[in-house]
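Undergrad: Input: one structure, supplied below.
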Amino acid sequence: MAIRVNLITGRTIQQGVSMEAGKEKPAYTAACGIIELDPADFKKLGAFRNTNVRVTSDYGNVIVKAVEATQGPHPGVAYIPMGPWANMVINPNTYSTGMPTFKGTPVTVEVAKNEPVFSSLELVRKGCRGELA
Amino acid sequence: MTKTVTDVICPFCGTLCDDLEVVVSADNKELLEVYNACAIGAEKFLHSQAKDRITRPRMRQEDGSWKEISYDEAIEYTAKILTDARKPLMYGWSSTNCEAQAVGSEIGELVGAVMDNTATVCHGTSLIAVQDIGIPSCTLGEVKNRADRILFWGCNPAHAHPRHMSRYSIFPRGFFTGKGHKGRKVIVIDPRPTDTASVADVHLQIEQGRDYELLNAFRVAFKDEQLPDVVAGIPKEKIYEAAELLKSGRFVIIFFGMGVTQSLGKNHNIDEAIAVTRDLNEYTKAAIMPMRGHYNVTGSGQVWGWLFGFPYAVDLSRGFARYNPGETTSNDLLRRDEVDAVFVLGSDPGAHFPFSSVKKIYNLPSVAIDPHETPTTEVCKVHVPVAFVGVEVGGCAYRMDNVPIETRKVVEPPEGMMTDEEFLRHVLARVKEIQGV
């Protein structure tokens, strides 16, 4: 079962702390390799909390862990903290403003239980070498 | 024996807190404890002490592994890719001091680079709007001492600027705001009920991406004109109420963040937010301020403002400064393959640019100057570690309200490590040698 949601990104305090502690560390992946979903959307998706999911947009896809919204409720809106995971799927078009459209990307979320969430360095490296699915 | 350094400036966010206390060892070599900082600021100070910190420049080898190189070799590589390139991109500049930004600008002028800072993915659209219609702003001191109506639009300072609310905007008691929190009314406009919204008197849970409509509705409501029943997911009664709350204040301050700058509408959202501020001044005193992210992104805008006349996206490739966001901005240049070398200092585009842009950096001659190991160092050919500005070297930084504050050195950098400014001065000298000027 896949659901359609509107994806936004941004800072969380966990993202900030783990970023300053080192983006190569597992804490950064734990803080940013996630998607915050509303309980109602979890129900539609038919998934447990902390399940790995594939997030797909017109611009790319990425595996992240689905967690319950910390700043909710916000049904229909999903949140990936700013970082390499979010940037795999956000809309890179600037529409002549210089600013990529980091907020408001329609995405599909589907369960991908057995797929791994890569660390930030791995994700970027594999992406650059074309080793991602 | 240890000693305590007081009045330390925090080099994390644009709030630039200036009341930290840092405990260091007697020989100034070790940083032991940090007081008064938020969780992120404290982590930044403590991370400088990480045992696994990279202390020497390194170059990526054919097989993907790193090889340690000397600073001289790193300087040579950097000078060479910049002088060889027809149009290099020199990006970042927000997590460093104004002194380094000035030296970097001189290099940029010599090699005909495009100079861009992190505003390009942050408040760049705000800068466009300011040039469109101007900005009635103020300092954070005025906010603390005068503001009794606080509006946070599309920003979540509880997470992104953790001490902003306690130092300036919601809680402090100031000269004319003796009651602190009790004397202020707080409005938060955000598509999520955030931690910031939880301390607000009014939270309008706007439909994501409908900021322009709601801002426009506020302007209508100020004039008591007719609104449709629902705007941007908010019933009109609530909009009239919030508008009245703002009008009834003695001093209104609007803080805005990425929620408005990065959503569709971009600079036009900010145009409208500034127009709301202007309209409010018909009834009371109102000001507006962007919540700047990096601690010295404002400073790089200032330095380029006085050197080139433009705050970001400055194209020097024709020998004079051109500025055209959408054309001379990093992501547009990278996506259109218009740059042939990438130099990054004091920022992490590898983590914070759309992946389509990151991939382009990977395929170009590239150097990253950064104390940390980051996704940017992962895709660049050479990584040059440097001292942390604001921790291991001082220098000037500009707070989000354009107030310059001199950051302080509290601890010695690891033996033999260069600062941003030293490294850039060497690169500048080498560029001049190569060009014979």
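For the structure tokens, the naming scheme is as follows: chains receive sequential letters (A, B, ...) according to their order of presentation, residues are indexed from 1 within each chain, and ligands are indexed from 1 in presentation order.
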Would you mind listing, as a PyMOL selection string, all residues of chain B that have at least one atom within 8 Å of chain A, where only C-alpha atoms are what counts?
TA: chain B and resi 39-41+43-44+47+120-122+124-125+158-160+191-195+208-209+258-259+262-264+266-267+325-332+350-356+358-359+362+372-375+378-379
Undergrad: Do a neighbour search on Val111 of chain A at 7 Å with only C-alpha atoms, toss out local chain neighbours closer than 4 positions, and write the hits as a list in words.
TA: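 Near neighbours after the sequence-gap exclusion: Asn52, Val53 and Arg54 of chain A.
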Undergrad: Would you give me, as a PyMOL selection string, the residues in segment 119-166 of chain B that DSSP reads as strand (DSSP E)?
TA: chain B and resi 149-153
Undergrad: Can you list, as a VMD selection string, every protein, DNA or RNA residue that comes within 12 Å of Lys43 of chain A when you count only C-alpha atoms, leaving out same-chain residues fewer than 4 positions away?
TA: chain A and resid 1 to 3 37 to 39 47 to 49 68 75 to 76
Undergrad: Once you have the residues from the selection above, write them out as a short mmCIF file (atom, residue, chain, number, x, y, z; two decimals), in the first residue's frame, restricted to N, CA and C atoms.
TA:
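Once written, result_35.cif looks like this:
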```cif
data_model
loop_
_atom_site.label_atom_id
_atom_site.label_comp_id
_atom_site.auth_asym_id
_atom_site.auth_seq_id
_atom_site.Cartn_x
_atom_site.Cartn_y
_atom_site.Cartn_z
N MET A 1 0.86 -1.21 0.00
CA MET A 1 0.00 0.00 0.00
C MET A 1 0.89 1.24 0.00
N ALA A 2 0.60 2.14 -0.89
CA ALA A 2 1.38 3.38 -0.94
C ALA A 2 0.47 4.57 -0.66
N ILE A 3 1.02 5.59 -0.02
CA ILE A 3 0.21 6.80 0.22
C ILE A 3 0.88 8.01 -0.43
N LEU A 37 5.58 11.01 9.90
CA LEU A 37 4.24 10.87 9.34
C LEU A 37 3.19 11.04 10.42
N ASP A 38 2.06 11.55 10.01
CA ASP A 38 0.93 11.70 10.92
C ASP A 38 0.33 10.32 11.24
N PRO A 39 -0.20 10.12 12.46
CA PRO A 39 -0.81 8.84 12.79
C PRO A 39 -1.87 8.41 11.77
N ALA A 47 1.33 0.55 8.16
CA ALA A 47 2.67 0.19 8.62
C ALA A 47 2.83 0.48 10.10
N PHE A 48 3.75 -0.27 10.74
CA PHE A 48 4.09 0.02 12.13
C PHE A 48 5.02 1.23 12.17
N ARG A 49 5.12 1.86 13.35
CA ARG A 49 6.13 2.91 13.54
C ARG A 49 7.50 2.28 13.36
N GLU A 68 6.65 8.55 13.95
CA GLU A 68 5.45 9.35 14.17
C GLU A 68 5.83 10.83 14.31
N PRO A 75 -2.01 15.75 9.25
CA PRO A 75 -2.37 14.74 8.24
C PRO A 75 -2.13 15.27 6.83
N GLY A 76 -1.57 14.39 6.00
CA GLY A 76 -1.33 14.77 4.60
C GLY A 76 0.01 15.45 4.38
#
```
Undergrad: Of the residues A:Ile34, A:Ala40, A:Val107, A:Val117, which is the one nearest to Ile80 of chain A, using only C-alpha atoms?
TA: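 Distance minimum relative to Ile80 of chain A lands on A:Ile34.
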Undergrad: Can you tell me which residues surround Asn296 of chain B at a distance of at most 12 Å, considering only C-alpha atoms, apart from same-chain residues fewer than 6 positions away, and format the answer as a VMD selection string?
TA: chain B and resid 9 to 16 92 to 101 117 to 119 302 to 303 346 to 347 389 to 390 395 to 407
Undergrad: Go ahead and write the residues just picked, N, CA and C atoms, as a short mmCIF file (atom, residue, chain, number, x, y, z; two decimals), in the first residue's frame.
TA:
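What landed in out.cif:
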```cif
data_model
loop_
_atom_site.label_atom_id
_atom_site.label_comp_id
_atom_site.auth_asym_id
_atom_site.auth_seq_id
_atom_site.Cartn_x
_atom_site.Cartn_y
_atom_site.Cartn_z
N ILE B 9 31.12 34.12 22.35
CA ILE B 9 30.10 34.21 21.30
C ILE B 9 29.90 32.81 20.71
N CYS B 10 28.63 32.44 20.51
CA CYS B 10 28.35 31.11 19.96
C CYS B 10 28.31 31.14 18.44
N PRO B 11 29.18 30.38 17.77
CA PRO B 11 29.18 30.39 16.30
C PRO B 11 28.29 29.31 15.73
N PHE B 12 27.03 29.29 16.10
CA PHE B 12 26.16 28.35 15.39
C PHE B 12 25.11 29.09 14.55
N CYS B 13 24.10 29.67 15.18
CA CYS B 13 23.03 30.25 14.37
C CYS B 13 23.10 31.77 14.36
N GLY B 14 22.21 32.39 13.62
CA GLY B 14 22.21 33.83 13.46
C GLY B 14 21.85 34.60 14.72
N THR B 15 21.44 33.90 15.78
CA THR B 15 21.15 34.57 17.05
C THR B 15 22.44 35.06 17.71
N LEU B 16 23.55 34.40 17.39
CA LEU B 16 24.89 34.78 17.83
C LEU B 16 24.91 35.14 19.33
N GLY B 92 29.75 29.05 -0.24
CA GLY B 92 29.77 28.80 1.20
C GLY B 92 29.79 30.10 1.98
N TRP B 93 30.92 30.37 2.64
CA TRP B 93 31.25 31.65 3.26
C TRP B 93 30.41 32.01 4.48
N SER B 94 29.54 31.12 4.94
CA SER B 94 28.65 31.54 6.02
C SER B 94 29.13 31.10 7.39
N SER B 95 29.92 30.04 7.46
CA SER B 95 30.48 29.62 8.75
C SER B 95 31.95 30.01 8.81
N THR B 96 32.22 31.26 8.55
CA THR B 96 33.58 31.77 8.70
C THR B 96 33.49 33.25 9.05
N ASN B 97 34.62 33.87 9.35
CA ASN B 97 34.56 35.28 9.76
C ASN B 97 34.65 36.22 8.56
N CYS B 98 34.35 37.48 8.79
CA CYS B 98 34.34 38.46 7.70
C CYS B 98 35.73 38.66 7.11
N GLU B 99 36.77 38.48 7.94
CA GLU B 99 38.14 38.64 7.46
C GLU B 99 38.43 37.62 6.35
N ALA B 100 38.05 36.36 6.60
CA ALA B 100 38.27 35.32 5.59
C ALA B 100 37.41 35.59 4.35
N GLN B 101 36.19 36.08 4.58
CA GLN B 101 35.31 36.38 3.44
C GLN B 101 35.94 37.44 2.54
N ASN B 117 26.79 32.57 -1.42
CA ASN B 117 26.79 32.08 -0.04
C ASN B 117 25.51 31.28 0.23
N THR B 118 25.39 30.80 1.47
CA THR B 118 24.30 29.87 1.77
C THR B 118 22.92 30.53 1.72
N ALA B 119 22.89 31.85 1.59
CA ALA B 119 21.59 32.51 1.42
C ALA B 119 20.88 31.94 0.19
N GLN B 302 27.03 41.27 4.00
CA GLN B 302 27.57 42.60 4.28
C GLN B 302 28.87 42.83 3.53
N VAL B 303 29.80 41.85 3.64
CA VAL B 303 31.12 42.00 3.01
C VAL B 303 30.96 42.19 1.51
N GLY B 346 33.20 26.71 4.51
CA GLY B 346 32.24 27.10 5.55
C GLY B 346 30.80 26.80 5.20
N SER B 347 30.57 25.68 4.55
CA SER B 347 29.20 25.28 4.25
C SER B 347 29.22 23.82 3.79
N VAL B 389 36.14 28.68 13.45
CA VAL B 389 35.99 30.10 13.76
C VAL B 389 35.05 30.25 14.96
N GLY B 390 35.39 31.13 15.87
CA GLY B 390 34.56 31.34 17.05
C GLY B 390 34.91 30.39 18.18
N GLY B 395 37.32 36.70 15.15
CA GLY B 395 36.95 37.34 13.89
C GLY B 395 35.54 37.88 13.96
N CYS B 396 35.21 38.72 12.99
CA CYS B 396 33.93 39.43 13.01
C CYS B 396 32.80 38.58 12.42
N ALA B 397 31.65 38.64 13.06
CA ALA B 397 30.46 37.99 12.52
C ALA B 397 29.28 38.94 12.67
N TYR B 398 28.29 38.82 11.80
CA TYR B 398 27.10 39.66 11.87
C TYR B 398 25.90 38.85 12.33
N ARG B 399 25.22 39.39 13.36
CA ARG B 399 24.01 38.74 13.86
C ARG B 399 22.89 38.92 12.85
N MET B 400 21.77 38.20 13.03
CA MET B 400 20.68 38.25 12.05
C MET B 400 20.09 39.65 11.88
N ASP B 401 20.31 40.54 12.88
CA ASP B 401 19.80 41.91 12.74
C ASP B 401 20.89 42.85 12.24
N ASN B 402 21.93 42.30 11.61
CA ASN B 402 23.02 43.09 11.02
C ASN B 402 23.87 43.83 12.05
N VAL B 403 23.93 43.32 13.26
CA VAL B 403 24.81 43.89 14.27
C VAL B 403 26.12 43.09 14.27
N PRO B 404 27.26 43.76 14.01
CA PRO B 404 28.53 43.02 14.00
C PRO B 404 29.00 42.70 15.42
N ILE B 405 29.45 41.48 15.64
CA ILE B 405 29.93 41.05 16.95
C ILE B 405 31.26 40.32 16.74
N GLU B 406 32.26 40.68 17.52
CA GLU B 406 33.58 40.07 17.38
C GLU B 406 33.57 38.73 18.13
N THR B 407 33.74 37.63 17.40
CA THR B 407 33.78 36.33 18.06
C THR B 407 35.13 36.15 18.75
#
```
